[in-house]
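Notes follow the structure.
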Amino acid sequence: MNTHEVINQAPPRAGVDEYTTNTALVEAVSRHDAGWAAERLAATGQRVGTVAFQDDAARANRREPVLRTHDRHGHRIDEVDYDESYHRIIAAAIADGAHTAAFAAPGPGANVARAATFMLYAQVEPGHACPVSMTHSVVPVLAQHPDAGASWLPRVLANSYDPALRAGKPSALFGMAMTEKQGGSDVRANTTSARPRGGGRYALTGHKWFCSAPMSDAFLVLAQAPGGLSCFLLPRLREDGARNGIRIQRLKDKLGNRANASSEVEYEDAEAVLVGEEGRGVRTIIDMVARTRLDCILGSTAGMRQATAEAAWHARHRAAFGALLVDQPAMTAVLADLQLETEAATATALRLARAHDADASDADRAFARLGVAAAKYWICKRGPGHAYEALECLGGNGYTEDFPLATRYREQPVMAVWEGSGNVIALDILRALGREPESLAAFDAEVSRAAGADRRVDAHWERTRALAAEMIDAPDPARAREVTASLALALQAALLVQFAPAAVADAFVATRLGGEWAGGALYGALPRGTDAAAITARI
Ligand SMILES: Cc1cc2nc3c(=O)[nH]c(=O)nc-3n(C[C@H](O)[C@H](O)[C@H](O)COP(=O)(O)OP(=O)(O)OC[C@H]3O[C@@H](n4cnc5c(N)ncnc54)[C@H](O)[C@@H]3O)c2cc1C
């Protein structure tokens, strides 16, 4: 049948260098001492922008992982089958150092370059980023506890990916299992028991309600030892090469993140070694958690970039009522506003990544303590609404699974849920304000670098300081979100007024701090005089 010609549909957004076209990312990479990685990042940007990579990303989320509990003869095997597309994606990310490059070759900007690499992959396929992030995050724990970690370190630093479950692999992926049925945020409620077997070895019996990436080679796990809640390194294979006592009960049927096989597991006399001291489990695993929190920020930011770029692409190729959408002021304002959020998140994410480099000062580390928590809360919470608004820019197409923003919309909430849900992070901020005064002092110094640049930022910071002081004197959990959001916005605004073009900084400050966000704080209601075209040009 030849009924019509297809016109006015945007071409696929493919063959784009996702790095060099991302102006805010390129600027932040250079600002934070990772300009040396530009060439490699451009190669990554080109790779993830290819049709082949995008097709793999779509396929990995459609052809979901399948659990095989038994082989055909009835033996328990507890393996997950992934589509080949998933293996190709994670292999590429690991070959590129998206997991542990910052530890393998530490130096100024190493974490910034690694963050940008991680973001480029996560922008196109978010599911694989979970095991990649956990493998990155476990390194500080393994390094601090050579008794348990020494033999694993070279394997997590390796750039090869081998999905097989076999002994003697030169590389390894790590997962983490803390959450149980009766308590996730409150891990003190963990009931999994750890029975000492001598020589630092234990037998673990119990369950975990969430264990993402159950095909990882090893996990950090919390369990109750005689001395209290403790951290253990739990390998999938026992020392004799046999499968460890880990049973994958079922895979979670999740809202999004579908390429990633999150599971429920049970342990029966599973062999594990103690990491750190008995009773110090939370203290030991917290270094891993802190890194994964930063990666939640990176993941949400990567998602914002994808959403904004796809929305702008569509608007630049689609006409309605006689003009391209991108040139119609109501749409330009929405795109500009989406970009403001992306710019703020990108600037914040890479500033925080730089504070994780080996040469970071004590002040930088103290700044990161509050900075990561506040940004994890704010940026991850901003993700879903941002994806929703971007999706609408594609009209009906945006709501279909043929376009990537439906997947993105379902993906974004997870970054806020795991590694400290909103309230948990906000309460953590309240605790840090009271117990770690050096972190507020360092955060103050960071924001104060922008002092005098914009009176609205100065005024906001004065209010935030006063609120923080109030929370130190009389901590009020009901106001924990208020102080957390204020800190995050202060940091974002301070970074933008220092480093972003005036059009971006001014519109961000006017809307997010200056009370000029008309229309109920929905996107696209920017104050009169905003140079929306200049902002959208940066997309
Ligand atoms: C896709 C996915 C993958 C995951 N993968 C893993 C994994 O690999 N390993 C792992 O260990 N976990 C994993 N998790 C679990 C995740 O970390 C937990 O779901 C999360 O920590 C929250 O714990 P919970 O579900 O028990 O909720 P709860 O702790 O019961 O919290 C429920 C709600 O109450 C709030 N809340 C908690 N305490 C307070 C308080 N004191 N005051 C006010 N509000 C409070 C929380 O913010 C939350 O909104 C995963 C989760 C998801 C969705």
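In the structure tokens, chains take letters A, B, ... by order of appearance, with residues numbered from 1 within each chain and ligands from 1 in the order shown.
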Residue contacts of Ser230 of chain A (8 Å, only C-alpha atoms) excluding same-chain residues fewer than 2 positions away, as number ranges by chain: A: 222-225, 227-228, 232, 274-282
Would you name the residues within 6 Å of ligand 1, counting only C-alpha atoms and all ligand atoms, and put them as a count of residues only? 21
Restricting the calculation to only C-alpha atoms, which member of A:Ala213, A:Glu482, A:Glu516, A:Val29 is positioned closest to Ala259 of chain A?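 Under the stated criterion, the closest residue is A:Ala213.
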Which is closest to Val265 of chain A among A:Ala302, A:Ala373, A:Val221, A:Ala194, if we use only C-alpha atoms? A:Val221
Could you give me, as a list in words, the residues within 7 Å of Gly175 of chain A, counting only C-alpha atoms and dropping anything in the same chain fewer than 2 positions from it?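 Close residues of Gly175 of chain A: Pro131, Met134, Thr135, Leu173, Ala177, Ser212, Ala213, Ser216, Ala218, Phe219 and Leu220 of chain A.
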Tell me which protein, DNA and RNA residues are within 9 Å of Val132 of chain A, counting only C-alpha atoms, leaving out same-chain ones fewer than 6 positions away, and put them as a ChimeraX atom specification. /A:90,93-94,98-100,118,173-174
Restricting the output to N, CA and C atoms, write the selected residues as a short mmCIF file (atom, residue, chain, number, x, y, z; two decimals), in the first residue's frame.
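Saved as selection27.cif:
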data_model
loop_
_atom_site.label_atom_id
_atom_site.label_comp_id
_atom_site.auth_asym_id
_atom_site.auth_seq_id
_atom_site.Cartn_x
_atom_site.Cartn_y
_atom_site.Cartn_z
N ILE A 90 28.56 -4.00 29.01
CA ILE A 90 29.36 -3.96 30.24
C ILE A 90 30.84 -4.25 29.92
N ALA A 93 32.29 -0.97 28.78
CA ALA A 93 32.45 -0.02 29.89
C ALA A 93 33.67 -0.39 30.74
N ILE A 94 33.86 -1.68 30.96
CA ILE A 94 34.98 -2.12 31.79
C ILE A 94 36.30 -1.97 31.04
N ALA A 98 35.44 2.39 33.11
CA ALA A 98 34.30 3.05 33.79
C ALA A 98 34.17 2.55 35.22
N HIS A 99 34.78 1.40 35.51
CA HIS A 99 34.70 0.88 36.88
C HIS A 99 35.86 1.43 37.73
N THR A 100 37.09 1.03 37.46
CA THR A 100 38.13 1.30 38.45
C THR A 100 39.33 2.10 37.92
N PHE A 118 32.00 6.88 33.08
CA PHE A 118 30.84 6.18 33.67
C PHE A 118 29.53 6.83 33.19
N LEU A 173 33.97 -8.85 39.24
CA LEU A 173 32.98 -7.81 39.54
C LEU A 173 32.50 -8.02 40.97
N PHE A 174 32.13 -6.92 41.62
CA PHE A 174 31.64 -7.00 43.00
C PHE A 174 30.21 -6.49 43.10
#
Find the distance between atom CA of Asn111 of chain A and atom CA of Leu370 of chain A and write it in Å to one decimal.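 Separation between atom CA of Asn111 of chain A and atom CA of Leu370 of chain A: 18.1 Å.
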All residues 12 Å or closer to Asn22 of chain A, only C-alpha atoms, same chain fewer than 2 positions away omitted, as a PyMOL selection string: chain A and resi 16-20+24-29+41-42+45-46+49+116+119-120+123+302+304-306+308-309+339+342-343+346+536-539
Written file, previous selection with N, CA and C atoms, as a CSV table (one decimal), in the first residue's frame:
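Output below, filename again.csv:
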chain,number,residue,atom,x,y,z
A,16,VAL,N,26.2,10.5,17.0
A,16,VAL,CA,26.5,11.8,17.7
A,16,VAL,C,27.7,11.4,18.7
A,17,ASP,N,28.7,12.3,18.7
A,17,ASP,CA,29.7,12.1,19.8
A,17,ASP,C,29.2,12.7,21.1
A,18,GLU,N,28.8,11.8,22.0
A,18,GLU,CA,28.1,12.2,23.2
A,18,GLU,C,29.0,12.9,24.2
A,19,TYR,N,30.3,12.9,23.9
A,19,TYR,CA,31.2,13.7,24.8
A,19,TYR,C,31.3,15.1,24.3
A,20,THR,N,31.9,15.2,23.1
A,20,THR,CA,32.2,16.6,22.7
A,20,THR,C,31.0,17.5,22.4
A,24,ALA,N,28.6,21.3,28.7
A,24,ALA,CA,28.7,21.4,30.2
A,24,ALA,C,29.7,20.3,30.7
A,25,LEU,N,29.6,19.1,30.1
A,25,LEU,CA,30.5,18.1,30.6
A,25,LEU,C,32.0,18.4,30.2
A,26,VAL,N,32.2,18.8,29.0
A,26,VAL,CA,33.5,19.0,28.5
A,26,VAL,C,34.1,20.1,29.3
A,27,GLU,N,33.4,21.2,29.6
A,27,GLU,CA,33.9,22.3,30.4
A,27,GLU,C,34.3,21.8,31.9
A,28,ALA,N,33.4,21.0,32.4
A,28,ALA,CA,33.7,20.6,33.8
A,28,ALA,C,34.9,19.6,33.9
A,29,VAL,N,35.0,18.8,32.9
A,29,VAL,CA,36.2,17.9,32.8
A,29,VAL,C,37.4,18.7,32.8
A,41,LEU,N,37.8,10.3,26.1
A,41,LEU,CA,36.4,10.5,26.4
A,41,LEU,C,35.6,10.8,25.0
A,42,ALA,N,36.3,11.4,24.1
A,42,ALA,CA,35.6,11.6,22.8
A,42,ALA,C,35.4,10.3,22.1
A,45,GLY,N,32.6,8.8,23.8
A,45,GLY,CA,31.4,9.5,23.3
A,45,GLY,C,30.9,9.0,22.0
A,46,GLN,N,31.9,8.8,21.1
A,46,GLN,CA,31.5,8.3,19.8
A,46,GLN,C,30.9,6.9,19.8
A,49,GLY,N,27.5,6.7,21.2
A,49,GLY,CA,26.5,7.3,20.3
A,49,GLY,C,26.2,6.6,19.0
A,116,ALA,N,33.2,10.9,34.1
A,116,ALA,CA,32.7,11.2,32.8
A,116,ALA,C,32.5,10.0,32.0
A,119,MET,N,29.5,8.2,33.2
A,119,MET,CA,28.3,8.9,32.8
A,119,MET,C,28.0,8.7,31.3
A,120,LEU,N,29.0,8.6,30.5
A,120,LEU,CA,28.7,8.4,29.1
A,120,LEU,C,28.0,7.1,28.8
A,123,GLN,N,24.5,7.0,30.4
A,123,GLN,CA,23.6,7.9,29.7
A,123,GLN,C,22.8,7.1,28.7
A,302,ALA,N,23.7,11.8,34.3
A,302,ALA,CA,23.8,11.2,32.9
A,302,ALA,C,22.4,11.1,32.3
A,304,MET,N,19.8,12.9,33.0
A,304,MET,CA,19.3,14.3,32.6
A,304,MET,C,19.9,14.7,31.3
A,305,ARG,N,21.2,14.4,31.1
A,305,ARG,CA,21.8,14.7,29.8
A,305,ARG,C,21.1,14.0,28.7
A,306,GLN,N,20.8,12.7,28.8
A,306,GLN,CA,20.2,12.0,27.8
A,306,GLN,C,18.8,12.6,27.5
A,308,THR,N,17.6,15.7,28.1
A,308,THR,CA,17.7,17.0,27.5
A,308,THR,C,18.1,16.9,26.1
A,309,ALA,N,19.1,16.1,25.8
A,309,ALA,CA,19.6,16.0,24.4
A,309,ALA,C,18.6,15.4,23.5
A,339,GLN,N,17.8,22.2,30.4
A,339,GLN,CA,19.3,22.3,30.4
A,339,GLN,C,19.9,22.9,31.7
A,342,THR,N,20.3,20.2,34.0
A,342,THR,CA,21.4,19.4,33.6
A,342,THR,C,22.8,20.0,33.9
A,343,GLU,N,22.8,21.3,33.6
A,343,GLU,CA,24.1,22.1,33.8
A,343,GLU,C,24.4,22.0,35.3
A,346,THR,N,25.6,18.6,36.4
A,346,THR,CA,26.9,18.2,35.8
A,346,THR,C,28.0,18.9,36.6
A,536,THR,N,19.8,27.0,25.3
A,536,THR,CA,19.5,25.8,24.5
A,536,THR,C,20.7,25.6,23.5
A,537,ALA,N,21.4,26.6,23.1
A,537,ALA,CA,22.5,26.4,22.2
A,537,ALA,C,23.5,25.5,22.9
A,538,ARG,N,23.6,25.5,24.2
A,538,ARG,CA,24.6,24.6,24.9
A,538,ARG,C,24.2,23.2,25.0
A,539,ILE,N,22.9,22.8,24.6
A,539,ILE,CA,22.5,21.4,24.6
A,539,ILE,C,23.2,20.7,23.6
